[in-house]
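Shown next: coords_8.cif, containing mmCIF, C-alpha atoms, pLDDT in the B column; chains and numbers go by the auth columns.
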data_final
#
loop_
_atom_site.group_PDB
_atom_site.id
_atom_site.type_symbol
_atom_site.label_atom_id
_atom_site.label_comp_id
_atom_site.label_asym_id
_atom_site.label_seq_id
_atom_site.Cartn_x
_atom_site.Cartn_y
_atom_site.Cartn_z
_atom_site.B_iso_or_equiv
_atom_site.auth_seq_id
_atom_site.auth_asym_id
ATOM 1 C CA ALA A 1 -33.327 -15.466 -11.565 72.00 20 A
ATOM 2 C CA GLN A 2 -29.951 -16.856 -10.702 79.00 21 A
ATOM 3 C CA SER A 3 -28.302 -16.399 -7.324 89.00 22 A
ATOM 4 C CA VAL A 4 -25.034 -17.374 -5.667 93.00 23 A
ATOM 5 C CA THR A 5 -24.387 -18.431 -2.086 95.00 24 A
ATOM 6 C CA GLN A 6 -20.971 -18.493 -0.517 96.00 25 A
ATOM 7 C CA LEU A 7 -21.576 -20.227 2.766 91.00 26 A
ATOM 8 C CA ASP A 8 -18.388 -19.173 4.539 94.00 27 A
ATOM 9 C CA SER A 9 -17.663 -15.496 5.087 94.00 28 A
ATOM 10 C CA GLN A 10 -14.202 -16.286 6.406 96.00 29 A
ATOM 11 C CA VAL A 11 -11.939 -19.344 6.215 98.00 30 A
ATOM 12 C CA PRO A 12 -8.803 -19.459 8.394 97.00 31 A
ATOM 13 C CA VAL A 13 -6.139 -21.976 7.413 98.00 32 A
ATOM 14 C CA PHE A 14 -2.492 -22.668 8.096 97.00 33 A
ATOM 15 C CA GLU A 15 0.134 -22.338 5.410 97.00 34 A
ATOM 16 C CA GLU A 16 0.652 -25.482 3.282 97.00 35 A
ATOM 17 C CA ALA A 17 -2.723 -26.887 4.344 98.00 36 A
ATOM 18 C CA PRO A 18 -5.436 -27.682 1.777 98.00 37 A
ATOM 19 C CA VAL A 19 -8.453 -25.412 1.471 98.00 38 A
ATOM 20 C CA GLU A 20 -11.924 -25.538 -0.038 98.00 39 A
ATOM 21 C CA LEU A 21 -14.108 -22.471 -0.542 98.00 40 A
ATOM 22 C CA ARG A 22 -17.728 -23.364 -1.099 98.00 41 A
ATOM 23 C CA CYS A 23 -20.074 -21.920 -3.703 97.00 42 A
ATOM 24 C CA ASN A 24 -23.627 -22.933 -4.478 97.00 43 A
ATOM 25 C CA TYR A 25 -25.846 -21.411 -7.126 94.00 44 A
ATOM 26 C CA SER A 26 -29.461 -21.513 -8.169 91.00 45 A
ATOM 27 C CA SER A 27 -30.670 -21.190 -11.726 82.00 46 A
ATOM 28 C CA SER A 28 -33.365 -22.687 -13.910 75.00 47 A
ATOM 29 C CA VAL A 29 -31.125 -22.827 -16.992 80.00 48 A
ATOM 30 C CA SER A 30 -27.562 -23.640 -17.924 81.00 49 A
ATOM 31 C CA VAL A 31 -24.998 -21.313 -16.453 86.00 50 A
ATOM 32 C CA TYR A 32 -21.433 -20.186 -16.714 90.00 51 A
ATOM 33 C CA LEU A 33 -19.495 -20.072 -13.433 93.00 52 A
ATOM 34 C CA PHE A 34 -16.495 -18.029 -12.333 94.00 53 A
ATOM 35 C CA TRP A 35 -14.149 -17.512 -9.405 96.00 54 A
ATOM 36 C CA TYR A 36 -12.419 -14.165 -8.858 95.00 55 A
ATOM 37 C CA VAL A 37 -9.785 -13.138 -6.312 96.00 56 A
ATOM 38 C CA GLN A 38 -9.465 -9.676 -4.784 93.00 57 A
ATOM 39 C CA TYR A 39 -6.357 -8.557 -2.911 91.00 58 A
ATOM 40 C CA PRO A 40 -6.719 -5.649 -0.450 86.00 59 A
ATOM 41 C CA ASN A 41 -7.619 -2.333 -2.081 80.00 60 A
ATOM 42 C CA GLN A 42 -7.415 -3.789 -5.552 85.00 61 A
ATOM 43 C CA GLY A 43 -9.777 -4.867 -8.284 86.00 62 A
ATOM 44 C CA LEU A 44 -10.791 -8.428 -9.059 90.00 63 A
ATOM 45 C CA GLN A 45 -8.720 -10.939 -10.986 92.00 64 A
ATOM 46 C CA LEU A 46 -10.238 -13.904 -12.768 91.00 65 A
ATOM 47 C CA LEU A 47 -9.009 -17.199 -11.244 95.00 66 A
ATOM 48 C CA LEU A 48 -10.903 -19.654 -13.406 94.00 67 A
ATOM 49 C CA LYS A 49 -14.178 -20.216 -15.235 92.00 68 A
ATOM 50 C CA TYR A 50 -16.477 -23.021 -16.282 92.00 69 A
ATOM 51 C CA LEU A 51 -18.246 -22.617 -19.617 87.00 70 A
ATOM 52 C CA SER A 52 -18.654 -26.234 -20.765 86.00 71 A
ATOM 53 C CA GLY A 53 -16.751 -29.509 -21.058 88.00 72 A
ATOM 54 C CA SER A 54 -14.715 -31.005 -18.248 90.00 73 A
ATOM 55 C CA THR A 55 -16.255 -30.380 -14.848 91.00 74 A
ATOM 56 C CA LEU A 56 -12.830 -29.986 -13.215 96.00 75 A
ATOM 57 C CA VAL A 57 -11.483 -26.579 -14.093 96.00 76 A
ATOM 58 C CA LYS A 58 -7.909 -25.541 -13.447 96.00 77 A
ATOM 59 C CA GLY A 59 -7.004 -21.930 -12.927 95.00 78 A
ATOM 60 C CA ILE A 60 -4.110 -19.711 -12.028 94.00 79 A
ATOM 61 C CA ASN A 61 -2.006 -19.874 -8.853 93.00 80 A
ATOM 62 C CA GLY A 62 -2.665 -23.604 -8.384 96.00 81 A
ATOM 63 C CA PHE A 63 -6.407 -23.262 -7.810 97.00 82 A
ATOM 64 C CA GLU A 64 -9.018 -25.580 -9.297 97.00 83 A
ATOM 65 C CA ALA A 65 -12.793 -25.884 -9.086 98.00 84 A
ATOM 66 C CA GLN A 66 -15.241 -28.717 -9.462 96.00 85 A
ATOM 67 C CA PHE A 67 -18.566 -28.115 -11.189 94.00 86 A
ATOM 68 C CA ASN A 68 -21.301 -30.386 -9.844 94.00 87 A
ATOM 69 C CA LYS A 69 -24.549 -29.900 -11.721 91.00 88 A
ATOM 70 C CA SER A 70 -26.658 -32.202 -9.529 91.00 89 A
ATOM 71 C CA GLN A 71 -25.587 -30.370 -6.380 93.00 90 A
ATOM 72 C CA THR A 72 -25.485 -26.971 -8.118 93.00 91 A
ATOM 73 C CA SER A 73 -22.059 -26.314 -6.657 95.00 92 A
ATOM 74 C CA PHE A 74 -18.761 -24.914 -7.889 97.00 93 A
ATOM 75 C CA HIS A 75 -16.323 -25.282 -4.978 98.00 94 A
ATOM 76 C CA LEU A 76 -12.823 -23.847 -5.222 98.00 95 A
ATOM 77 C CA ARG A 77 -9.868 -25.872 -3.957 98.00 96 A
ATOM 78 C CA LYS A 78 -6.133 -25.624 -3.509 98.00 97 A
ATOM 79 C CA PRO A 79 -4.058 -28.538 -2.166 97.00 98 A
ATOM 80 C CA SER A 80 -1.479 -26.357 -0.396 97.00 99 A
ATOM 81 C CA VAL A 81 -1.994 -22.655 0.345 98.00 100 A
ATOM 82 C CA HIS A 82 0.601 -19.924 0.723 97.00 101 A
ATOM 83 C CA ILE A 83 0.577 -16.774 2.810 96.00 102 A
ATOM 84 C CA SER A 84 0.190 -14.834 -0.431 95.00 103 A
ATOM 85 C CA ASP A 85 -3.185 -16.508 -1.052 97.00 104 A
ATOM 86 C CA THR A 86 -4.685 -14.373 1.702 97.00 105 A
ATOM 87 C CA ALA A 87 -7.424 -12.450 -0.107 96.00 106 A
ATOM 88 C CA GLU A 88 -11.155 -12.317 -0.730 95.00 107 A
ATOM 89 C CA TYR A 89 -12.614 -14.800 -3.182 97.00 108 A
ATOM 90 C CA PHE A 90 -15.828 -14.268 -5.118 96.00 109 A
ATOM 91 C CA CYS A 91 -17.929 -16.839 -6.924 96.00 110 A
ATOM 92 C CA ALA A 92 -20.102 -15.560 -9.790 94.00 111 A
ATOM 93 C CA VAL A 93 -22.698 -16.970 -12.179 91.00 112 A
ATOM 94 C CA THR A 94 -24.291 -15.838 -15.408 86.00 113 A
ATOM 95 C CA GLU A 95 -27.053 -17.274 -17.537 80.00 114 A
ATOM 96 C CA LYS A 96 -25.099 -16.593 -20.752 68.00 115 A
ATOM 97 C CA SER A 97 -26.075 -12.907 -20.765 62.00 116 A
ATOM 98 C CA PHE A 98 -22.785 -11.361 -19.694 58.00 117 A
ATOM 99 C CA GLN A 99 -24.186 -8.217 -18.260 61.00 118 A
ATOM 100 C CA LYS A 100 -26.122 -10.289 -15.736 74.00 119 A
ATOM 101 C CA LEU A 101 -23.095 -11.651 -13.914 85.00 120 A
ATOM 102 C CA VAL A 102 -24.239 -12.218 -10.323 89.00 121 A
ATOM 103 C CA PHE A 103 -21.625 -12.265 -7.567 92.00 122 A
ATOM 104 C CA GLY A 104 -21.652 -14.025 -4.236 94.00 123 A
ATOM 105 C CA THR A 105 -20.900 -12.111 -1.056 94.00 124 A
ATOM 106 C CA GLY A 106 -17.310 -13.315 -0.927 95.00 125 A
ATOM 107 C CA THR A 107 -15.153 -15.529 1.293 97.00 126 A
ATOM 108 C CA ARG A 108 -12.133 -14.106 3.047 96.00 127 A
ATOM 109 C CA LEU A 109 -9.263 -16.616 3.072 97.00 128 A
ATOM 110 C CA LEU A 110 -6.835 -16.003 5.929 97.00 129 A
ATOM 111 C CA VAL A 111 -3.590 -17.964 5.682 97.00 130 A
ATOM 112 C CA SER A 112 -1.358 -17.932 8.742 97.00 131 A
ATOM 113 C CA PRO A 113 2.150 -19.361 9.255 95.00 132 A
ATOM 114 C CA ASP B 1 1.084 -3.039 -20.449 66.00 269 B
ATOM 115 C CA GLY B 2 -2.603 -2.747 -21.130 73.00 270 B
ATOM 116 C CA GLY B 3 -5.037 -2.293 -18.333 92.00 271 B
ATOM 117 C CA ILE B 4 -7.698 -0.210 -16.639 95.00 272 B
ATOM 118 C CA THR B 5 -6.928 2.989 -14.777 95.00 273 B
ATOM 119 C CA GLN B 6 -9.352 4.322 -12.208 96.00 274 B
ATOM 120 C CA SER B 7 -8.913 7.690 -10.603 94.00 275 B
ATOM 121 C CA PRO B 8 -8.857 8.982 -8.008 94.00 276 B
ATOM 122 C CA LYS B 9 -8.112 6.132 -5.605 93.00 277 B
ATOM 123 C CA TYR B 10 -9.877 7.937 -2.758 94.00 278 B
ATOM 124 C CA LEU B 11 -12.639 10.520 -3.110 93.00 279 B
ATOM 125 C CA PHE B 12 -14.642 12.514 -0.611 91.00 280 B
ATOM 126 C CA ARG B 13 -18.023 14.022 -1.299 87.00 281 B
ATOM 127 C CA LYS B 14 -19.984 16.638 0.536 88.00 282 B
ATOM 128 C CA GLU B 15 -23.713 16.291 0.985 84.00 283 B
ATOM 129 C CA GLY B 16 -25.614 17.412 -2.124 86.00 284 B
ATOM 130 C CA GLN B 17 -22.565 17.300 -4.367 90.00 285 B
ATOM 131 C CA ASN B 18 -22.097 15.381 -7.596 93.00 286 B
ATOM 132 C CA VAL B 19 -18.777 13.635 -8.137 94.00 287 B
ATOM 133 C CA THR B 20 -17.330 11.883 -11.181 96.00 288 B
ATOM 134 C CA LEU B 21 -15.177 8.772 -11.085 97.00 289 B
ATOM 135 C CA SER B 22 -12.825 8.221 -13.988 97.00 290 B
ATOM 136 C CA CYS B 23 -12.250 4.919 -15.795 98.00 291 B
ATOM 137 C CA GLU B 24 -9.889 4.582 -18.757 97.00 292 B
ATOM 138 C CA GLN B 25 -8.803 1.406 -20.549 97.00 293 B
ATOM 139 C CA ASN B 26 -6.203 0.777 -23.243 96.00 294 B
ATOM 140 C CA LEU B 27 -7.189 -2.817 -23.928 95.00 295 B
ATOM 141 C CA ASN B 28 -9.336 -1.985 -26.967 95.00 296 B
ATOM 142 C CA HIS B 29 -12.287 -3.632 -25.227 95.00 297 B
ATOM 143 C CA ASP B 30 -15.785 -2.875 -26.452 94.00 298 B
ATOM 144 C CA ALA B 31 -17.619 -3.595 -23.196 93.00 299 B
ATOM 145 C CA MET B 32 -17.172 -1.635 -19.986 95.00 300 B
ATOM 146 C CA TYR B 33 -18.903 -1.945 -16.626 95.00 301 B
ATOM 147 C CA TRP B 34 -19.300 -0.181 -13.299 96.00 302 B
ATOM 148 C CA TYR B 35 -19.800 -2.150 -10.093 95.00 303 B
ATOM 149 C CA ARG B 36 -20.417 -1.072 -6.537 96.00 304 B
ATOM 150 C CA GLN B 37 -18.915 -3.109 -3.693 93.00 305 B
ATOM 151 C CA ASP B 38 -20.218 -2.912 -0.132 92.00 306 B
ATOM 152 C CA PRO B 39 -18.961 -5.005 2.785 84.00 307 B
ATOM 153 C CA GLY B 40 -20.721 -8.341 2.944 79.00 308 B
ATOM 154 C CA GLN B 41 -22.696 -7.750 -0.260 81.00 309 B
ATOM 155 C CA GLY B 42 -20.345 -8.667 -3.059 85.00 310 B
ATOM 156 C CA LEU B 43 -20.444 -6.654 -6.279 91.00 311 B
ATOM 157 C CA ARG B 44 -23.553 -5.141 -7.814 93.00 312 B
ATOM 158 C CA LEU B 45 -23.805 -3.867 -11.387 93.00 313 B
ATOM 159 C CA ILE B 46 -24.553 -0.147 -11.786 96.00 314 B
ATOM 160 C CA TYR B 47 -24.225 0.428 -15.550 96.00 315 B
ATOM 161 C CA TYR B 48 -22.647 -1.261 -18.524 93.00 316 B
ATOM 162 C CA SER B 49 -21.847 -0.294 -22.090 95.00 317 B
ATOM 163 C CA GLN B 50 -21.207 -2.470 -25.124 92.00 318 B
ATOM 164 C CA ILE B 51 -20.520 0.266 -27.636 93.00 319 B
ATOM 165 C CA VAL B 52 -19.730 3.961 -27.837 95.00 320 B
ATOM 166 C CA ASN B 53 -22.685 6.262 -27.181 95.00 321 B
ATOM 167 C CA ASP B 54 -24.783 3.429 -25.776 95.00 322 B
ATOM 168 C CA PHE B 55 -25.181 2.104 -22.229 95.00 323 B
ATOM 169 C CA GLN B 56 -27.691 0.182 -20.135 93.00 324 B
ATOM 170 C CA LYS B 57 -28.776 0.282 -16.520 95.00 325 B
ATOM 171 C CA GLY B 58 -27.701 -2.480 -14.221 92.00 326 B
ATOM 172 C CA ASP B 59 -29.347 -3.562 -10.993 90.00 327 B
ATOM 173 C CA ILE B 60 -28.692 -0.407 -8.959 94.00 328 B
ATOM 174 C CA ALA B 61 -28.559 2.491 -11.445 96.00 329 B
ATOM 175 C CA GLU B 62 -30.654 4.955 -9.425 96.00 330 B
ATOM 176 C CA GLY B 63 -28.621 7.983 -8.373 95.00 331 B
ATOM 177 C CA TYR B 64 -25.868 7.310 -10.919 97.00 332 B
ATOM 178 C CA SER B 65 -25.190 8.418 -14.491 97.00 333 B
ATOM 179 C CA VAL B 66 -22.605 7.446 -17.114 98.00 334 B
ATOM 180 C CA SER B 67 -21.395 8.449 -20.551 97.00 335 B
ATOM 181 C CA ARG B 68 -19.478 6.598 -23.262 98.00 336 B
ATOM 182 C CA GLU B 69 -18.222 9.207 -25.715 97.00 337 B
ATOM 183 C CA LYS B 70 -15.004 7.320 -26.413 97.00 338 B
ATOM 184 C CA LYS B 71 -14.254 3.611 -26.490 97.00 339 B
ATOM 185 C CA GLU B 72 -11.493 4.030 -23.931 97.00 340 B
ATOM 186 C CA SER B 73 -13.443 6.005 -21.352 98.00 341 B
ATOM 187 C CA PHE B 74 -16.506 5.247 -19.202 98.00 342 B
ATOM 188 C CA PRO B 75 -16.869 7.848 -16.411 98.00 343 B
ATOM 189 C CA LEU B 76 -19.387 7.370 -13.616 98.00 344 B
ATOM 190 C CA THR B 77 -21.128 10.301 -11.936 97.00 345 B
ATOM 191 C CA VAL B 78 -22.510 9.795 -8.456 95.00 346 B
ATOM 192 C CA THR B 79 -25.288 12.338 -8.139 93.00 347 B
ATOM 193 C CA SER B 80 -26.791 13.931 -5.053 88.00 348 B
ATOM 194 C CA ALA B 81 -29.794 11.660 -5.598 86.00 349 B
ATOM 195 C CA GLN B 82 -27.690 8.700 -4.445 87.00 350 B
ATOM 196 C CA LYS B 83 -28.419 8.787 -0.726 85.00 351 B
ATOM 197 C CA ASN B 84 -25.875 6.218 0.361 90.00 352 B
ATOM 198 C CA PRO B 85 -22.869 6.649 -1.931 91.00 353 B
ATOM 199 C CA THR B 86 -20.155 5.478 0.468 93.00 354 B
ATOM 200 C CA ALA B 87 -18.707 2.372 -1.192 94.00 355 B
ATOM 201 C CA PHE B 88 -15.874 0.941 -3.225 94.00 356 B
ATOM 202 C CA TYR B 89 -16.449 1.422 -6.981 96.00 357 B
ATOM 203 C CA LEU B 90 -14.916 -0.897 -9.537 95.00 358 B
ATOM 204 C CA CYS B 91 -14.685 -0.430 -13.287 96.00 359 B
ATOM 205 C CA ALA B 92 -14.205 -3.424 -15.579 94.00 360 B
ATOM 206 C CA SER B 93 -13.924 -4.206 -19.269 94.00 361 B
ATOM 207 C CA SER B 94 -14.138 -7.122 -21.643 91.00 362 B
ATOM 208 C CA THR B 95 -14.418 -8.092 -25.268 90.00 363 B
ATOM 209 C CA LEU B 96 -17.973 -8.721 -26.414 84.00 364 B
ATOM 210 C CA GLN B 97 -17.145 -12.397 -26.925 81.00 365 B
ATOM 211 C CA ALA B 98 -15.742 -12.951 -23.433 79.00 366 B
ATOM 212 C CA GLY B 99 -19.057 -13.224 -21.652 68.00 367 B
ATOM 213 C CA GLN B 100 -17.814 -11.708 -18.414 78.00 368 B
ATOM 214 C CA PRO B 101 -15.630 -8.840 -17.142 86.00 369 B
ATOM 215 C CA GLN B 102 -12.028 -9.735 -17.956 84.00 370 B
ATOM 216 C CA HIS B 103 -10.094 -6.906 -16.393 90.00 371 B
ATOM 217 C CA PHE B 104 -10.831 -4.771 -13.369 93.00 372 B
ATOM 218 C CA GLY B 105 -9.384 -1.478 -12.273 94.00 373 B
ATOM 219 C CA ASP B 106 -8.020 -1.017 -8.747 92.00 374 B
ATOM 220 C CA GLY B 107 -11.132 0.830 -7.647 93.00 375 B
ATOM 221 C CA THR B 108 -12.140 4.172 -6.181 95.00 376 B
ATOM 222 C CA ARG B 109 -13.202 4.427 -2.550 94.00 377 B
ATOM 223 C CA LEU B 110 -15.860 7.107 -2.126 94.00 378 B
ATOM 224 C CA SER B 111 -16.678 8.529 1.292 92.00 379 B
ATOM 225 C CA ILE B 112 -19.110 11.177 2.513 86.00 380 B
ATOM 226 C CA LEU B 113 -17.805 14.079 4.560 81.00 381 B
#
Can you dump the structure from the file as structure tokens?
Amino acid sequence: AQSVTQLDSQVPVFEEAPVELRCNYSSSVSVYLFWYVQYPNQGLQLLLKYLSGSTLVKGINGFEAQFNKSQTSFHLRKPSVHISDTAEYFCAVTEKSFQKLVFGTGTRLLVSP
Amino acid sequence: DGGITQSPKYLFRKEGQNVTLSCEQNLNHDAMYWYRQDPGQGLRLIYYSQIVNDFQKGDIAEGYSVSREKKESFPLTVTSAQKNPTAFYLCASSTLQAGQPQHFGDGTRLSIL
């Protein structure tokens, strides 16, 4: 069965600094990978997804993620963060059966001035 | 604008009481989902439905029930059998082709009195 590990529960960073949120997964078959963002007391919003093709995926709000099959990772990056990026970020994986989307435990990004 | 409406935003339940959480979508999506979110645990799938009058159990269905009488509506009942119902509940929807939840509601926070 697939699983997702988000190694950092919280990442503090200063505004305009770069950030990387780490995500590792385990699966015995090919997977689809996703990053979602959740603002306080709201639902989740899809940031980006990897289904196939280029391993560098660009998403909304200036975020991008790099799929690395050999390291089973899908780290999320942004070259310069804003205060408004403060939120919780979830990595998720599915083995092509959409109802089996498995979420990580989330990483809280805290951007300060 | 199309979207998902969850109501109420906050809900309180007495011991031994059943409560129903509402989820309505006007996106014409076939698939709908219910997730439970607990601090530090990410999201876990309770139930999902791909078509009217049909639904399947997710990973943590015990103590919950659902119905799908209309395409637009997917209410979740938290029964008295659910011994630890305090959580944030999220409803989501997608097309069948999407492969993952595309839109989320803003959630219902359920607490025990």
Leu364 in chain B: which residues within 9 Å, counting all atoms listed in the file, same-chain residues fewer than 6 positions away excluded, as an mmCIF file with C-alpha atoms, in the frame of the given file?
data_model
loop_
_atom_site.group_PDB
_atom_site.id
_atom_site.type_symbol
_atom_site.label_atom_id
_atom_site.label_comp_id
_atom_site.auth_asym_id
_atom_site.auth_seq_id
_atom_site.Cartn_x
_atom_site.Cartn_y
_atom_site.Cartn_z
ATOM 1 C CA PHE A 117 -22.785 -11.361 -19.694
ATOM 2 C CA HIS B 297 -12.287 -3.632 -25.227
ATOM 3 C CA ASP B 298 -15.785 -2.875 -26.452
ATOM 4 C CA ALA B 299 -17.619 -3.595 -23.196
ATOM 5 C CA GLN B 318 -21.207 -2.470 -25.124
#
How would you write, as a PyMOL selection string, the residues chosen by the PyMOL selection byres ((chain A) within 6 of (chain B)) on this structure?
-> chain A and resi 61-63+117+122-125
Residue selection dump (C-alpha atoms) as a PDB file, in the coordinates of the input:
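Okay, selection_30.pdb is ready:
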ATOM      1  CA  GLN A  61      -7.415  -3.789  -5.552  1.00 85.00           C
ATOM      2  CA  GLY A  62      -9.777  -4.867  -8.284  1.00 86.00           C
ATOM      3  CA  LEU A  63     -10.791  -8.428  -9.059  1.00 90.00           C
ATOM      4  CA  PHE A 117     -22.785 -11.361 -19.694  1.00 58.00           C
ATOM      5  CA  PHE A 122     -21.625 -12.265  -7.567  1.00 92.00           C
ATOM      6  CA  GLY A 123     -21.652 -14.025  -4.236  1.00 94.00           C
ATOM      7  CA  THR A 124     -20.900 -12.111  -1.056  1.00 94.00           C
ATOM      8  CA  GLY A 125     -17.310 -13.315  -0.927  1.00 95.00           C
TER       9      GLY A 125
END
Who sits within 7 Å of Leu65 in chain A, only C-alpha atoms, same chain under 5 positions skipped, as a list in words | Trp54, Tyr55 and Val56 of chain A; Gln370 of chain B
Counting all atoms listed in the file, what is within 10 Å of Pro98 in chain A, bar same-chain residues fewer than 4 positions away, as a PyMOL selection string?
-> chain A and resi 35-39+81-83
Expected selection from the PyMOL selection byres ((chain A and resi 121) around 6), given as a list in words = Ala111, Val112, Leu120 and Phe122 of chain A
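Straight-line separation from CA of Lys97 in chain A to CA of Ser45 in chain A: 24.1 Å.
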What do you get, as a VMD selection string, if you spell out every residue that the PyMOL selection byres ((chain B and resi 279-291) around 8) selects here?
-> chain B and resid 272 to 278 292 to 293 341 to 349 359 373 376 to 381
Could you name the residues that touch Pro31 in chain A at 7 Å or less, counting all atoms listed in the file, but leaving out those on the same chain fewer than 3 positions away, as a PyMOL selection string?
-> chain A and resi 128-130
Leu40 in chain A environment, 8 Å, all atoms listed in the file, sequence neighbours closer than 6 positions dropped, as a list of chain:residue names =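 That gives A:Gln25, A:Asp27, A:Val30, A:His94, A:Leu95, A:Arg96, A:Thr126.
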Straight-line distance linking CA of Arg41 in chain A with CA of Arg304 in chain B, stated in Å to one decimal =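 These two atoms are separated by 23.1 Å.
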To one decimal in Å, tell me the separation between CA of Pro59 in chain A and CA of Glu107 in chain A.
->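 Separation between CA of Pro59 in chain A and CA of Glu107 in chain A: 8.0 Å.
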Which residue, B:Val334, B:Glu340, B:Asp322, B:Gly271, has the smallest gap to Trp302 in chain B when you use only C-alpha atoms?
->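 Under the stated criterion, the closest residue is B:Val334.
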Missing atoms of range 81-92 of chain A rebuilt to N, CA, C and O atoms, written as a PDB file, keeping the file's coordinate frame:
ATOM      1  N   GLY A  81      -2.464 -22.275  -8.953  1.00 96.00           N
ATOM      2  CA  GLY A  81      -2.665 -23.604  -8.384  1.00 96.00           C
ATOM      3  C   GLY A  81      -4.083 -23.909  -7.930  1.00 96.00           C
ATOM      4  O   GLY A  81      -4.336 -24.952  -7.328  1.00 96.00           O
ATOM      5  N   PHE A  82      -5.018 -23.024  -8.198  1.00 97.00           N
ATOM      6  CA  PHE A  82      -6.407 -23.262  -7.810  1.00 97.00           C
ATOM      7  C   PHE A  82      -7.133 -24.104  -8.865  1.00 97.00           C
ATOM      8  O   PHE A  82      -6.796 -24.074 -10.046  1.00 97.00           O
ATOM      9  N   GLU A  83      -8.141 -24.838  -8.408  1.00 97.00           N
ATOM     10  CA  GLU A  83      -9.018 -25.580  -9.297  1.00 97.00           C
ATOM     11  C   GLU A  83     -10.419 -25.586  -8.706  1.00 97.00           C
ATOM     12  O   GLU A  83     -10.603 -25.330  -7.512  1.00 97.00           O
ATOM     13  N   ALA A  84     -11.411 -25.850  -9.554  1.00 98.00           N
ATOM     14  CA  ALA A  84     -12.793 -25.884  -9.086  1.00 98.00           C
ATOM     15  C   ALA A  84     -13.521 -27.032  -9.749  1.00 98.00           C
ATOM     16  O   ALA A  84     -13.258 -27.379 -10.900  1.00 98.00           O
ATOM     17  N   GLN A  85     -14.458 -27.582  -8.989  1.00 96.00           N
ATOM     18  CA  GLN A  85     -15.241 -28.717  -9.462  1.00 96.00           C
ATOM     19  C   GLN A  85     -16.690 -28.295  -9.662  1.00 96.00           C
ATOM     20  O   GLN A  85     -17.355 -27.856  -8.718  1.00 96.00           O
ATOM     21  N   PHE A  86     -17.166 -28.418 -10.900  1.00 94.00           N
ATOM     22  CA  PHE A  86     -18.566 -28.115 -11.189  1.00 94.00           C
ATOM     23  C   PHE A  86     -19.391 -29.376 -10.962  1.00 94.00           C
ATOM     24  O   PHE A  86     -19.108 -30.435 -11.526  1.00 94.00           O
ATOM     25  N   ASN A  87     -20.413 -29.266 -10.116  1.00 94.00           N
ATOM     26  CA  ASN A  87     -21.301 -30.386  -9.844  1.00 94.00           C
ATOM     27  C   ASN A  87     -22.732 -29.942 -10.136  1.00 94.00           C
ATOM     28  O   ASN A  87     -23.337 -29.224  -9.340  1.00 94.00           O
ATOM     29  N   LYS A  88     -23.238 -30.379 -11.278  1.00 91.00           N
ATOM     30  CA  LYS A  88     -24.549 -29.900 -11.721  1.00 91.00           C
ATOM     31  C   LYS A  88     -25.668 -30.397 -10.809  1.00 91.00           C
ATOM     32  O   LYS A  88     -26.607 -29.653 -10.499  1.00 91.00           O
ATOM     33  N   SER A  89     -25.584 -31.636 -10.357  1.00 91.00           N
ATOM     34  CA  SER A  89     -26.658 -32.202  -9.529  1.00 91.00           C
ATOM     35  C   SER A  89     -26.737 -31.515  -8.169  1.00 91.00           C
ATOM     36  O   SER A  89     -27.821 -31.375  -7.602  1.00 91.00           O
ATOM     37  N   GLN A  90     -25.599 -31.068  -7.660  1.00 93.00           N
ATOM     38  CA  GLN A  90     -25.587 -30.370  -6.380  1.00 93.00           C
ATOM     39  C   GLN A  90     -25.544 -28.852  -6.548  1.00 93.00           C
ATOM     40  O   GLN A  90     -25.475 -28.128  -5.560  1.00 93.00           O
ATOM     41  N   THR A  91     -25.579 -28.408  -7.778  1.00 93.00           N
ATOM     42  CA  THR A  91     -25.485 -26.971  -8.118  1.00 93.00           C
ATOM     43  C   THR A  91     -24.384 -26.290  -7.317  1.00 93.00           C
ATOM     44  O   THR A  91     -24.593 -25.271  -6.647  1.00 93.00           O
ATOM     45  N   SER A  92     -23.189 -26.867  -7.407  1.00 95.00           N
ATOM     46  CA  SER A  92     -22.059 -26.314  -6.657  1.00 95.00           C
ATOM     47  C   SER A  92     -20.870 -26.098  -7.580  1.00 95.00           C
ATOM     48  O   SER A  92     -20.753 -26.708  -8.651  1.00 95.00           O
TER      49      SER A  92
END
